[in-house]
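Shown next: my_file_21.cif, given as mmCIF, C-alpha atoms.
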```
data_protein
loop_
_atom_site.group_PDB
_atom_site.id
_atom_site.type_symbol
_atom_site.label_atom_id
_atom_site.label_comp_id
_atom_site.auth_asym_id
_atom_site.auth_seq_id
_atom_site.Cartn_x
_atom_site.Cartn_y
_atom_site.Cartn_z
ATOM 1 C CA MET A 1 -22.899 4.513 -8.790
ATOM 2 C CA GLN A 2 -22.541 0.771 -9.357
ATOM 3 C CA VAL A 3 -24.163 -1.740 -6.999
ATOM 4 C CA VAL A 4 -22.309 -5.079 -7.096
ATOM 5 C CA TYR A 5 -24.146 -6.896 -4.271
ATOM 6 C CA GLU A 6 -27.341 -6.272 -2.296
ATOM 7 C CA ASP A 7 -29.610 -8.142 0.106
ATOM 8 C CA ASN A 8 -31.897 -7.147 2.987
ATOM 9 C CA HIS A 9 -29.006 -6.328 5.325
ATOM 10 C CA ILE A 10 -26.023 -5.098 3.306
ATOM 11 C CA ILE A 11 -25.220 -3.373 0.049
ATOM 12 C CA ILE A 12 -21.791 -3.299 -1.634
ATOM 13 C CA VAL A 13 -21.015 -0.484 -4.056
ATOM 14 C CA ASN A 14 -18.125 0.001 -6.476
ATOM 15 C CA LYS A 15 -16.959 3.521 -5.633
ATOM 16 C CA ALA A 16 -15.560 5.732 -8.370
ATOM 17 C CA PRO A 17 -12.369 7.693 -7.675
ATOM 18 C CA GLY A 18 -13.181 11.202 -6.514
ATOM 19 C CA GLU A 19 -16.267 10.207 -4.546
ATOM 20 C CA ILE A 20 -16.297 10.664 -0.774
ATOM 21 C CA VAL A 21 -17.877 7.981 1.392
ATOM 22 C CA GLN A 22 -19.041 10.357 4.126
ATOM 23 C CA GLY A 23 -19.585 14.104 4.145
ATOM 24 C CA ASP A 24 -16.615 16.421 4.650
ATOM 25 C CA LYS A 25 -15.817 20.132 4.576
ATOM 26 C CA THR A 26 -16.083 20.239 0.761
ATOM 27 C CA GLY A 27 -19.861 19.934 0.960
ATOM 28 C CA ASP A 28 -19.874 17.465 -1.949
ATOM 29 C CA GLU A 29 -22.577 14.810 -1.807
ATOM 30 C CA PRO A 30 -21.144 11.712 -0.128
ATOM 31 C CA LEU A 31 -21.640 8.211 -1.460
ATOM 32 C CA VAL A 32 -23.721 7.243 1.587
ATOM 33 C CA GLU A 33 -26.362 9.810 0.593
ATOM 34 C CA THR A 34 -26.290 8.706 -3.056
ATOM 35 C CA VAL A 35 -26.902 5.095 -2.003
ATOM 36 C CA LYS A 36 -29.702 6.141 0.372
ATOM 37 C CA ARG A 37 -31.444 7.946 -2.471
ATOM 38 C CA TRP A 38 -30.985 4.930 -4.772
ATOM 39 C CA ILE A 39 -32.565 2.610 -2.182
ATOM 40 C CA LYS A 40 -35.417 5.039 -1.532
ATOM 41 C CA GLU A 41 -36.225 5.308 -5.244
ATOM 42 C CA LYS A 42 -35.789 1.604 -6.049
ATOM 43 C CA TYR A 43 -38.092 0.409 -3.270
ATOM 44 C CA ALA A 44 -40.338 3.516 -3.076
ATOM 45 C CA LYS A 45 -39.572 3.789 0.630
ATOM 46 C CA PRO A 46 -41.408 6.467 2.605
ATOM 47 C CA GLY A 47 -39.464 8.517 5.138
ATOM 48 C CA ASN A 48 -35.758 8.253 5.891
ATOM 49 C CA VAL A 49 -33.627 5.323 4.725
ATOM 50 C CA PHE A 50 -31.265 3.733 7.263
ATOM 51 C CA LEU A 51 -27.769 3.192 5.906
ATOM 52 C CA GLY A 52 -24.726 2.633 8.110
ATOM 53 C CA VAL A 53 -21.151 3.377 7.042
ATOM 54 C CA VAL A 54 -19.048 0.316 7.866
ATOM 55 C CA HIS A 55 -15.675 1.467 6.480
ATOM 56 C CA ARG A 56 -14.206 4.097 4.179
ATOM 57 C CA LEU A 57 -11.907 4.532 1.213
ATOM 58 C CA ASP A 58 -9.762 7.592 0.549
ATOM 59 C CA ARG A 59 -11.330 9.986 -1.931
ATOM 60 C CA PRO A 60 -8.898 9.294 -4.831
ATOM 61 C CA VAL A 61 -9.225 5.503 -4.394
ATOM 62 C CA ALA A 62 -11.744 3.355 -6.291
ATOM 63 C CA GLY A 63 -13.369 0.079 -5.382
ATOM 64 C CA LEU A 64 -15.649 -1.785 -3.037
ATOM 65 C CA VAL A 65 -17.430 -0.134 -0.125
ATOM 66 C CA VAL A 66 -19.815 -2.014 2.187
ATOM 67 C CA PHE A 67 -22.843 -0.310 3.746
ATOM 68 C CA ALA A 68 -25.247 -1.779 6.290
ATOM 69 C CA LYS A 69 -28.989 -1.518 5.597
ATOM 70 C CA THR A 70 -30.006 -2.564 9.127
ATOM 71 C CA SER A 71 -28.739 -1.686 12.603
ATOM 72 C CA LYS A 72 -28.114 -5.387 13.311
ATOM 73 C CA ALA A 73 -25.866 -5.689 10.250
ATOM 74 C CA LEU A 74 -24.066 -2.442 11.127
ATOM 75 C CA ALA A 75 -23.202 -3.566 14.658
ATOM 76 C CA ARG A 76 -21.984 -6.961 13.492
ATOM 77 C CA MET A 77 -20.027 -5.625 10.514
ATOM 78 C CA ASN A 78 -18.326 -3.050 12.741
ATOM 79 C CA GLU A 79 -17.269 -5.840 15.093
ATOM 80 C CA MET A 80 -16.031 -7.981 12.203
ATOM 81 C CA PHE A 81 -13.865 -5.146 10.888
ATOM 82 C CA ARG A 82 -12.454 -4.508 14.378
ATOM 83 C CA ASN A 83 -11.625 -8.207 14.774
ATOM 84 C CA GLY A 84 -9.986 -8.520 11.364
ATOM 85 C CA GLU A 85 -12.651 -10.910 10.058
ATOM 86 C CA VAL A 86 -13.076 -9.069 6.761
ATOM 87 C CA LYS A 87 -10.491 -9.766 4.066
ATOM 88 C CA LYS A 88 -9.886 -6.870 1.690
ATOM 89 C CA THR A 89 -7.684 -7.278 -1.375
ATOM 90 C CA TYR A 90 -6.380 -4.193 -3.157
ATOM 91 C CA TRP A 91 -4.758 -3.660 -6.546
ATOM 92 C CA ALA A 92 -2.106 -0.977 -6.917
ATOM 93 C CA LEU A 93 -0.249 0.223 -10.015
ATOM 94 C CA THR A 94 3.318 1.415 -9.505
ATOM 95 C CA ARG A 95 6.013 2.676 -11.854
ATOM 96 C CA ASN A 96 8.757 0.867 -9.926
ATOM 97 C CA LEU A 97 9.123 -2.824 -9.272
ATOM 98 C CA PRO A 98 9.150 -3.742 -5.570
ATOM 99 C CA PRO A 99 12.388 -5.137 -4.112
ATOM 100 C CA LYS A 100 10.848 -8.630 -3.858
ATOM 101 C CA GLU A 101 8.217 -10.480 -5.887
ATOM 102 C CA GLU A 102 6.186 -10.849 -2.712
ATOM 103 C CA ASP A 103 6.705 -9.837 0.885
ATOM 104 C CA ARG A 104 5.113 -9.036 4.211
ATOM 105 C CA ILE A 105 6.186 -5.603 5.379
ATOM 106 C CA ILE A 106 5.913 -3.952 8.777
ATOM 107 C CA HIS A 107 6.191 -0.236 9.507
ATOM 108 C CA TYR A 108 5.237 2.103 12.315
ATOM 109 C CA ILE A 109 2.970 4.880 11.110
ATOM 110 C CA THR A 110 2.418 8.345 12.508
ATOM 111 C CA THR A 111 -0.117 10.775 11.056
ATOM 112 C CA THR A 112 -0.201 14.550 11.100
ATOM 113 C CA GLU A 113 -3.642 16.111 10.770
ATOM 114 C CA LYS A 114 -2.197 19.448 9.644
ATOM 115 C CA ASN A 115 -1.265 18.146 6.207
ATOM 116 C CA ASN A 116 -3.376 14.960 6.331
ATOM 117 C CA LYS A 117 -0.348 12.774 5.733
ATOM 118 C CA SER A 118 1.098 9.601 7.244
ATOM 119 C CA TYR A 119 4.743 8.740 7.761
ATOM 120 C CA ALA A 120 6.303 5.275 7.955
ATOM 121 C CA SER A 121 9.254 4.243 10.075
ATOM 122 C CA LEU A 122 10.984 0.864 10.349
ATOM 123 C CA THR A 123 11.364 1.297 14.106
ATOM 124 C CA PRO A 124 8.742 2.050 16.774
ATOM 125 C CA LYS A 125 8.244 5.712 17.661
ATOM 126 C CA ASN A 126 6.233 7.465 20.312
ATOM 127 C CA GLY A 127 2.597 7.566 19.184
ATOM 128 C CA ALA A 128 3.215 5.410 16.097
ATOM 129 C CA LYS A 129 0.918 2.500 15.232
ATOM 130 C CA GLU A 130 2.115 -0.791 13.807
ATOM 131 C CA ALA A 131 1.114 -1.268 10.165
ATOM 132 C CA ILE A 132 1.336 -4.633 8.397
ATOM 133 C CA LEU A 133 0.535 -5.596 4.824
ATOM 134 C CA SER A 134 1.454 -8.321 2.367
ATOM 135 C CA TYR A 135 1.946 -7.743 -1.343
ATOM 136 C CA ARG A 136 2.760 -9.788 -4.410
ATOM 137 C CA HIS A 137 3.696 -8.687 -7.911
ATOM 138 C CA ILE A 138 1.109 -10.177 -10.268
ATOM 139 C CA GLY A 139 1.704 -8.427 -13.588
ATOM 140 C CA SER A 140 3.554 -5.775 -15.588
ATOM 141 C CA SER A 141 2.880 -3.696 -18.683
ATOM 142 C CA ASP A 142 5.420 -1.662 -20.635
ATOM 143 C CA ARG A 143 5.446 1.067 -17.990
ATOM 144 C CA TYR A 144 3.613 -0.102 -14.883
ATOM 145 C CA ASN A 145 3.552 -2.930 -12.393
ATOM 146 C CA LEU A 146 0.501 -4.439 -10.724
ATOM 147 C CA LEU A 147 0.711 -5.354 -7.050
ATOM 148 C CA GLU A 148 -1.926 -7.271 -5.118
ATOM 149 C CA VAL A 149 -2.061 -6.044 -1.533
ATOM 150 C CA ASN A 150 -3.689 -7.543 1.563
ATOM 151 C CA LEU A 151 -3.968 -5.542 4.764
ATOM 152 C CA GLU A 152 -3.471 -6.984 8.238
ATOM 153 C CA THR A 153 -4.046 -3.609 9.910
ATOM 154 C CA GLY A 154 -6.093 -0.578 8.921
ATOM 155 C CA ARG A 155 -4.069 2.614 9.293
ATOM 156 C CA LYS A 156 -4.620 5.972 7.620
ATOM 157 C CA HIS A 157 -3.209 5.929 4.066
ATOM 158 C CA GLN A 158 -1.514 2.645 4.980
ATOM 159 C CA ILE A 159 -1.037 1.115 1.528
ATOM 160 C CA ARG A 160 0.011 4.431 0.053
ATOM 161 C CA VAL A 161 2.674 5.198 2.647
ATOM 162 C CA GLN A 162 3.995 1.645 3.022
ATOM 163 C CA LEU A 163 4.434 1.084 -0.716
ATOM 164 C CA ALA A 164 6.120 4.477 -0.992
ATOM 165 C CA ALA A 165 8.449 3.451 1.834
ATOM 166 C CA ILE A 166 9.737 0.503 -0.227
ATOM 167 C CA GLY A 167 10.284 2.683 -3.289
ATOM 168 C CA CYS A 168 6.958 1.989 -5.008
ATOM 169 C CA PRO A 169 4.677 5.025 -4.755
ATOM 170 C CA ILE A 170 1.297 4.416 -6.364
ATOM 171 C CA ARG A 171 0.778 5.900 -9.806
ATOM 172 C CA GLY A 172 -0.691 9.399 -9.525
ATOM 173 C CA ASP A 173 -0.095 9.688 -5.767
ATOM 174 C CA LEU A 174 1.834 12.957 -5.579
ATOM 175 C CA LYS A 175 1.378 13.103 -1.796
ATOM 176 C CA TYR A 176 3.489 9.982 -1.378
ATOM 177 C CA GLY A 177 6.141 10.531 -3.982
ATOM 178 C CA ASP A 178 4.880 9.748 -7.473
ATOM 179 C CA LYS A 179 6.136 12.088 -10.171
ATOM 180 C CA ARG A 180 2.933 12.811 -12.113
ATOM 181 C CA SER A 181 -0.732 13.090 -11.267
ATOM 182 C CA ASN A 182 -3.459 11.121 -13.025
ATOM 183 C CA PRO A 183 -5.610 13.210 -15.385
ATOM 184 C CA ASP A 184 -8.758 12.656 -13.290
ATOM 185 C CA GLY A 185 -7.056 13.330 -9.946
ATOM 186 C CA SER A 186 -7.309 9.682 -8.896
ATOM 187 C CA ILE A 187 -4.534 7.429 -7.702
ATOM 188 C CA SER A 188 -4.129 3.963 -9.225
ATOM 189 C CA LEU A 189 -5.307 2.053 -6.174
ATOM 190 C CA MET A 190 -8.559 0.131 -5.937
ATOM 191 C CA ALA A 191 -10.299 -2.054 -3.374
ATOM 192 C CA ARG A 192 -10.615 -5.008 -5.756
ATOM 193 C CA ARG A 193 -12.113 -7.819 -3.663
ATOM 194 C CA ILE A 194 -13.833 -8.272 -0.305
ATOM 195 C CA GLN A 195 -14.558 -11.522 1.548
ATOM 196 C CA PHE A 196 -16.445 -12.096 4.795
ATOM 197 C CA VAL A 197 -19.149 -14.169 6.447
ATOM 198 C CA HIS A 198 -22.529 -12.475 6.135
ATOM 199 C CA PRO A 199 -23.353 -10.810 9.479
ATOM 200 C CA VAL A 200 -26.913 -12.187 9.567
ATOM 201 C CA SER A 201 -27.270 -15.199 7.248
ATOM 202 C CA GLY A 202 -23.806 -16.640 7.884
ATOM 203 C CA LYS A 203 -23.177 -17.331 4.192
ATOM 204 C CA GLU A 204 -19.829 -16.626 2.540
ATOM 205 C CA ILE A 205 -19.704 -13.292 0.722
ATOM 206 C CA ASP A 206 -16.977 -12.942 -1.908
ATOM 207 C CA VAL A 207 -17.268 -9.951 -4.239
ATOM 208 C CA THR A 208 -14.824 -8.671 -6.864
ATOM 209 C CA ALA A 209 -15.071 -5.197 -8.371
ATOM 210 C CA PRO A 210 -15.011 -4.923 -12.154
ATOM 211 C CA LEU A 211 -12.152 -2.892 -13.581
ATOM 212 C CA PRO A 212 -13.168 0.486 -15.061
ATOM 213 C CA ASP A 213 -14.301 0.045 -18.678
ATOM 214 C CA ASN A 214 -13.077 3.502 -19.645
ATOM 215 C CA ASN A 215 -9.542 3.079 -18.292
ATOM 216 C CA PRO A 216 -7.201 1.280 -20.724
ATOM 217 C CA LEU A 217 -4.450 1.094 -18.109
ATOM 218 C CA TRP A 218 -6.569 -0.950 -15.702
ATOM 219 C CA GLN A 219 -8.065 -2.973 -18.548
ATOM 220 C CA ALA A 220 -4.557 -4.041 -19.599
ATOM 221 C CA PHE A 221 -4.431 -6.074 -16.381
ATOM 222 C CA ASN A 222 -7.902 -7.609 -16.688
ATOM 223 C CA SER A 223 -6.487 -11.099 -17.207
ATOM 224 C CA CYS A 224 -4.425 -11.036 -14.011
ATOM 225 C CA TYR A 225 -7.189 -12.114 -11.652
#
```
Take the structure in this file and express it as structure tokens.
Amino acid sequence: MQVVYEDNHIIIVNKAPGEIVQGDKTGDEPLVETVKRWIKEKYAKPGNVFLGVVHRLDRPVAGLVVFAKTSKALARMNEMFRNGEVKKTYWALTRNLPPKEEDRIIHYITTTEKNNKSYASLTPKNGAKEAILSYRHIGSSDRYNLLEVNLETGRKHQIRVQLAAIGCPIRGDLKYGDKRSNPDGSISLMARRIQFVHPVSGKEIDVTAPLPDNNPLWQAFNSCY
């Protein structure tokens, strides 16, 4: 676990791919419990540690996750996420180049719980939710392309399904059309940067996740930021 920002009210952690943010049916320890234990040990806190989950990342995705250390921060951060006041920037590696260097794309997403998968349509459908993101192509290696993605909405698997819909499935994302899995079971998508006004102090928070040291593919794009 890597802590990249902490104060009295919030803590921001760089999640590794494969970690779950909250508990699920697998029974694996979720990141929220790992962070609670870290706080308890660091500050020798007696009793239970309060830690609120503000948002989540899919299990195979890496990057920044914000937790609230106080109930005041949790309530305000939840409201900020609902109101779109938190800017999240993602990096995605794809094998294919997108049709345009940069674009704002709109789809209508439906999700089926049976196979935990989302589907994108260009036209509205009954029960579908509008999904909007902007991307720009910011770098290429011999085999892969780096896209910077900003979300305007927060739908289930939104980046994964929308990029797949324009012919750019994320590297390693077999569920949404990539040809090969990554050796560690991850997909090449990370929550790279997060920006918001602190829910209590009012100061500007702007945090960028470091790229994984042990991943040469990500490191090849280290100069793109």
### Message
Evaluated on this file, the PyMOL selection byres ((chain A and resi 172) around 8) picks out some residues - which ones are they, written as JSON, numbers by chain?
### Response
{"A": [170, 171, 173, 174, 178, 179, 180, 181, 182, 185, 186, 187, 188]}
### Message
With the PyMOL selection byres ((chain A and resi 120-130) around 8) as the selection, what would be picked from this file? Answer as a PyMOL selection string, please.
### Response
chain A and resi 106-110+118-119+131-132+153+155+161-162+165
### Task
Would you kindly return, as a PyMOL selection string, each protein, DNA or RNA residue with an atom no farther than 12 Å from any atom of Lys100 of chain A, considering all atoms listed in the file and excluding same-chain residues fewer than 6 positions away?
chain A and resi 134-138+147+166-168
When you look at Asn222 of chain A with a cut-off of 12 Å (counting all atoms listed in the file), what residues show up, excluding the ones that are within fewer than 6 positions of it in the same chain? I need them as a PDB file with C-alpha atoms, in the frame of the given file.
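The result, stored in selection-v7.pdb:
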```
ATOM      1  CA  TRP A  91      -4.758  -3.660  -6.546  1.00  0.00           C
ATOM      2  CA  ILE A 138       1.109 -10.177 -10.268  1.00  0.00           C
ATOM      3  CA  GLY A 139       1.704  -8.427 -13.588  1.00  0.00           C
ATOM      4  CA  SER A 140       3.554  -5.775 -15.588  1.00  0.00           C
ATOM      5  CA  SER A 141       2.880  -3.696 -18.683  1.00  0.00           C
ATOM      6  CA  LEU A 146       0.501  -4.439 -10.724  1.00  0.00           C
ATOM      7  CA  ARG A 192     -10.615  -5.008  -5.756  1.00  0.00           C
ATOM      8  CA  ALA A 209     -15.071  -5.197  -8.371  1.00  0.00           C
ATOM      9  CA  PRO A 210     -15.011  -4.923 -12.154  1.00  0.00           C
ATOM     10  CA  LEU A 211     -12.152  -2.892 -13.581  1.00  0.00           C
ATOM     11  CA  PRO A 212     -13.168   0.486 -15.061  1.00  0.00           C
ATOM     12  CA  ASP A 213     -14.301   0.045 -18.678  1.00  0.00           C
ATOM     13  CA  ASN A 215      -9.542   3.079 -18.292  1.00  0.00           C
ATOM     14  CA  PRO A 216      -7.201   1.280 -20.724  1.00  0.00           C
TER      15      PRO A 216
END
```
### Between atom CA of Arg160 of chain A and atom CA of Ala68 of chain A, distance in Å (one decimal)
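Between atom CA of Arg160 of chain A and atom CA of Ala68 of chain A the gap works out to 26.7 Å.
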Please determine an axis-aligned box that encloses all atoms of segment 131-142 of chain A listed in the file, with 3 Å added on each side, and express its centre and edge lengths in Å to one decimal as JSON.
```
{"center_x": 3.0, "center_y": -5.7, "center_z": -5.2, "size_x": 10.9, "size_y": 14.9, "size_z": 36.8}
```
### Message
Given the PyMOL selection byres ((chain A and resi 49-55) around 10) and the file above, list the residues it selects as a ChimeraX atom specification.
### Response
/A:9-11,21-22,31-33,35-40,45-48,56-57,65-71,73-81
### Query
Quick one: of A:Lys156, A:Phe221, A:Pro169, A:Val61, who's nearest to Leu97 of chain A, counting all atoms listed in the file?
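Checking each candidate against Leu97 of chain A, we get A:Pro169 as the closest.
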Got a sec: who's within 9 Å of Leu64 of chain A, counting only C-alpha atoms, leaving out chain neighbours fewer than 2 positions off, as a PDB file with C-alpha atoms, keeping the file's coordinate frame?
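Dumped everything to result11.pdb:
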```pdb
ATOM      1  CA  VAL A   4     -22.309  -5.079  -7.096  1.00  0.00           C
ATOM      2  CA  ILE A  12     -21.791  -3.299  -1.634  1.00  0.00           C
ATOM      3  CA  VAL A  13     -21.015  -0.484  -4.056  1.00  0.00           C
ATOM      4  CA  ASN A  14     -18.125   0.001  -6.476  1.00  0.00           C
ATOM      5  CA  LYS A  15     -16.959   3.521  -5.633  1.00  0.00           C
ATOM      6  CA  LEU A  57     -11.907   4.532   1.213  1.00  0.00           C
ATOM      7  CA  ALA A  62     -11.744   3.355  -6.291  1.00  0.00           C
ATOM      8  CA  VAL A  66     -19.815  -2.014   2.187  1.00  0.00           C
ATOM      9  CA  MET A 190      -8.559   0.131  -5.937  1.00  0.00           C
ATOM     10  CA  ALA A 191     -10.299  -2.054  -3.374  1.00  0.00           C
ATOM     11  CA  ARG A 192     -10.615  -5.008  -5.756  1.00  0.00           C
ATOM     12  CA  ARG A 193     -12.113  -7.819  -3.663  1.00  0.00           C
ATOM     13  CA  ILE A 194     -13.833  -8.272  -0.305  1.00  0.00           C
ATOM     14  CA  VAL A 207     -17.268  -9.951  -4.239  1.00  0.00           C
ATOM     15  CA  THR A 208     -14.824  -8.671  -6.864  1.00  0.00           C
ATOM     16  CA  ALA A 209     -15.071  -5.197  -8.371  1.00  0.00           C
TER      17      ALA A 209
END
```
### Query
Quick one: distance from atom CA of His198 of chain A to atom CA of Thr89 of chain A in Å, one decimal?
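Atom-to-atom, atom CA of His198 of chain A to atom CA of Thr89 of chain A, that is 17.4 Å.
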## Note on the structure
note - atom CA of Lys42 of chain A and atom CA of Met1 of chain A are separated by 13.5 Å
#### Entry: Nearest candidate to Gly63 of chain A (options A:Thr94, A:Thr26, A:Gln2, A:Gln195; using all atoms listed in the file)
A:Gln2
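Each of A:Asp58, A:Glu113, A:Glu148, A:Asp7 was compared to Leu93 of chain A using only C-alpha atoms, and A:Glu148 turns out to be the nearest.
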#### Entry: Nearest-residue call for Arg59 of chain A, choices A:His157, A:Arg82, A:Arg143, A:Arg104, using all atoms listed in the file
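Selected residue with least distance to Arg59 of chain A: A:His157.
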Complete the atom set of segment 34-59 of chain A to N, CA and C atoms and return it as a PDB file, in the frame of the given file.
```pdb
ATOM      1  N   THR A  34     -25.917   9.180  -1.720  1.00  0.00           N
ATOM      2  CA  THR A  34     -26.290   8.706  -3.056  1.00  0.00           C
ATOM      3  C   THR A  34     -26.937   7.332  -2.971  1.00  0.00           C
ATOM      4  N   VAL A  35     -26.362   6.454  -2.152  1.00  0.00           N
ATOM      5  CA  VAL A  35     -26.902   5.095  -2.003  1.00  0.00           C
ATOM      6  C   VAL A  35     -28.258   5.141  -1.309  1.00  0.00           C
ATOM      7  N   LYS A  36     -28.403   5.985  -0.284  1.00  0.00           N
ATOM      8  CA  LYS A  36     -29.702   6.141   0.372  1.00  0.00           C
ATOM      9  C   LYS A  36     -30.782   6.531  -0.631  1.00  0.00           C
ATOM     10  N   ARG A  37     -30.468   7.489  -1.482  1.00  0.00           N
ATOM     11  CA  ARG A  37     -31.444   7.946  -2.471  1.00  0.00           C
ATOM     12  C   ARG A  37     -31.780   6.826  -3.453  1.00  0.00           C
ATOM     13  N   TRP A  38     -30.776   6.054  -3.853  1.00  0.00           N
ATOM     14  CA  TRP A  38     -30.985   4.930  -4.772  1.00  0.00           C
ATOM     15  C   TRP A  38     -31.927   3.898  -4.153  1.00  0.00           C
ATOM     16  N   ILE A  39     -31.709   3.578  -2.883  1.00  0.00           N
ATOM     17  CA  ILE A  39     -32.565   2.610  -2.182  1.00  0.00           C
ATOM     18  C   ILE A  39     -33.993   3.145  -2.074  1.00  0.00           C
ATOM     19  N   LYS A  40     -34.096   4.418  -1.713  1.00  0.00           N
ATOM     20  CA  LYS A  40     -35.417   5.039  -1.532  1.00  0.00           C
ATOM     21  C   LYS A  40     -36.216   4.993  -2.833  1.00  0.00           C
ATOM     22  N   GLU A  41     -35.539   5.293  -3.947  1.00  0.00           N
ATOM     23  CA  GLU A  41     -36.225   5.308  -5.244  1.00  0.00           C
ATOM     24  C   GLU A  41     -36.526   3.890  -5.724  1.00  0.00           C
ATOM     25  N   LYS A  42     -35.596   2.971  -5.556  1.00  0.00           N
ATOM     26  CA  LYS A  42     -35.789   1.604  -6.049  1.00  0.00           C
ATOM     27  C   LYS A  42     -36.952   0.915  -5.358  1.00  0.00           C
ATOM     28  N   TYR A  43     -37.063   1.115  -4.038  1.00  0.00           N
ATOM     29  CA  TYR A  43     -38.092   0.409  -3.270  1.00  0.00           C
ATOM     30  C   TYR A  43     -39.258   1.306  -2.862  1.00  0.00           C
ATOM     31  N   ALA A  44     -39.275   2.548  -3.393  1.00  0.00           N
ATOM     32  CA  ALA A  44     -40.338   3.516  -3.076  1.00  0.00           C
ATOM     33  C   ALA A  44     -40.572   3.600  -1.574  1.00  0.00           C
ATOM     34  N   LYS A  45     -39.480   3.761  -0.834  1.00  0.00           N
ATOM     35  CA  LYS A  45     -39.572   3.789   0.630  1.00  0.00           C
ATOM     36  C   LYS A  45     -40.037   5.158   1.115  1.00  0.00           C
ATOM     37  N   PRO A  46     -41.018   5.187   2.002  1.00  0.00           N
ATOM     38  CA  PRO A  46     -41.408   6.467   2.605  1.00  0.00           C
ATOM     39  C   PRO A  46     -40.440   6.834   3.732  1.00  0.00           C
ATOM     40  N   GLY A  47     -40.300   8.100   4.006  1.00  0.00           N
ATOM     41  CA  GLY A  47     -39.464   8.517   5.138  1.00  0.00           C
ATOM     42  C   GLY A  47     -37.984   8.309   4.886  1.00  0.00           C
ATOM     43  N   ASN A  48     -37.210   8.362   5.978  1.00  0.00           N
ATOM     44  CA  ASN A  48     -35.758   8.253   5.891  1.00  0.00           C
ATOM     45  C   ASN A  48     -35.318   6.804   5.674  1.00  0.00           C
ATOM     46  N   VAL A  49     -34.226   6.635   4.957  1.00  0.00           N
ATOM     47  CA  VAL A  49     -33.627   5.323   4.725  1.00  0.00           C
ATOM     48  C   VAL A  49     -32.451   5.148   5.677  1.00  0.00           C
ATOM     49  N   PHE A  50     -32.415   4.022   6.399  1.00  0.00           N
ATOM     50  CA  PHE A  50     -31.265   3.733   7.263  1.00  0.00           C
ATOM     51  C   PHE A  50     -30.132   3.164   6.410  1.00  0.00           C
ATOM     52  N   LEU A  51     -28.950   3.722   6.575  1.00  0.00           N
ATOM     53  CA  LEU A  51     -27.769   3.192   5.906  1.00  0.00           C
ATOM     54  C   LEU A  51     -26.549   3.505   6.766  1.00  0.00           C
ATOM     55  N   GLY A  52     -25.876   2.459   7.233  1.00  0.00           N
ATOM     56  CA  GLY A  52     -24.726   2.633   8.110  1.00  0.00           C
ATOM     57  C   GLY A  52     -23.419   2.510   7.358  1.00  0.00           C
ATOM     58  N   VAL A  53     -22.489   3.421   7.641  1.00  0.00           N
ATOM     59  CA  VAL A  53     -21.151   3.377   7.042  1.00  0.00           C
ATOM     60  C   VAL A  53     -20.292   2.404   7.844  1.00  0.00           C
ATOM     61  N   VAL A  54     -19.827   1.355   7.199  1.00  0.00           N
ATOM     62  CA  VAL A  54     -19.048   0.316   7.866  1.00  0.00           C
ATOM     63  C   VAL A  54     -17.561   0.615   7.800  1.00  0.00           C
ATOM     64  N   HIS A  55     -17.094   1.127   6.661  1.00  0.00           N
ATOM     65  CA  HIS A  55     -15.675   1.467   6.480  1.00  0.00           C
ATOM     66  C   HIS A  55     -15.588   2.515   5.385  1.00  0.00           C
ATOM     67  N   ARG A  56     -14.382   3.015   5.139  1.00  0.00           N
ATOM     68  CA  ARG A  56     -14.206   4.097   4.179  1.00  0.00           C
ATOM     69  C   ARG A  56     -13.052   3.795   3.229  1.00  0.00           C
ATOM     70  N   LEU A  57     -13.054   4.500   2.108  1.00  0.00           N
ATOM     71  CA  LEU A  57     -11.907   4.532   1.213  1.00  0.00           C
ATOM     72  C   LEU A  57     -11.503   5.987   1.015  1.00  0.00           C
ATOM     73  N   ASP A  58     -10.218   6.237   0.842  1.00  0.00           N
ATOM     74  CA  ASP A  58      -9.762   7.592   0.549  1.00  0.00           C
ATOM     75  C   ASP A  58     -10.433   8.099  -0.729  1.00  0.00           C
ATOM     76  N   ARG A  59     -10.620   9.396  -0.790  1.00  0.00           N
ATOM     77  CA  ARG A  59     -11.330   9.986  -1.931  1.00  0.00           C
ATOM     78  C   ARG A  59     -10.746   9.606  -3.294  1.00  0.00           C
TER      79      ARG A  59
END
```
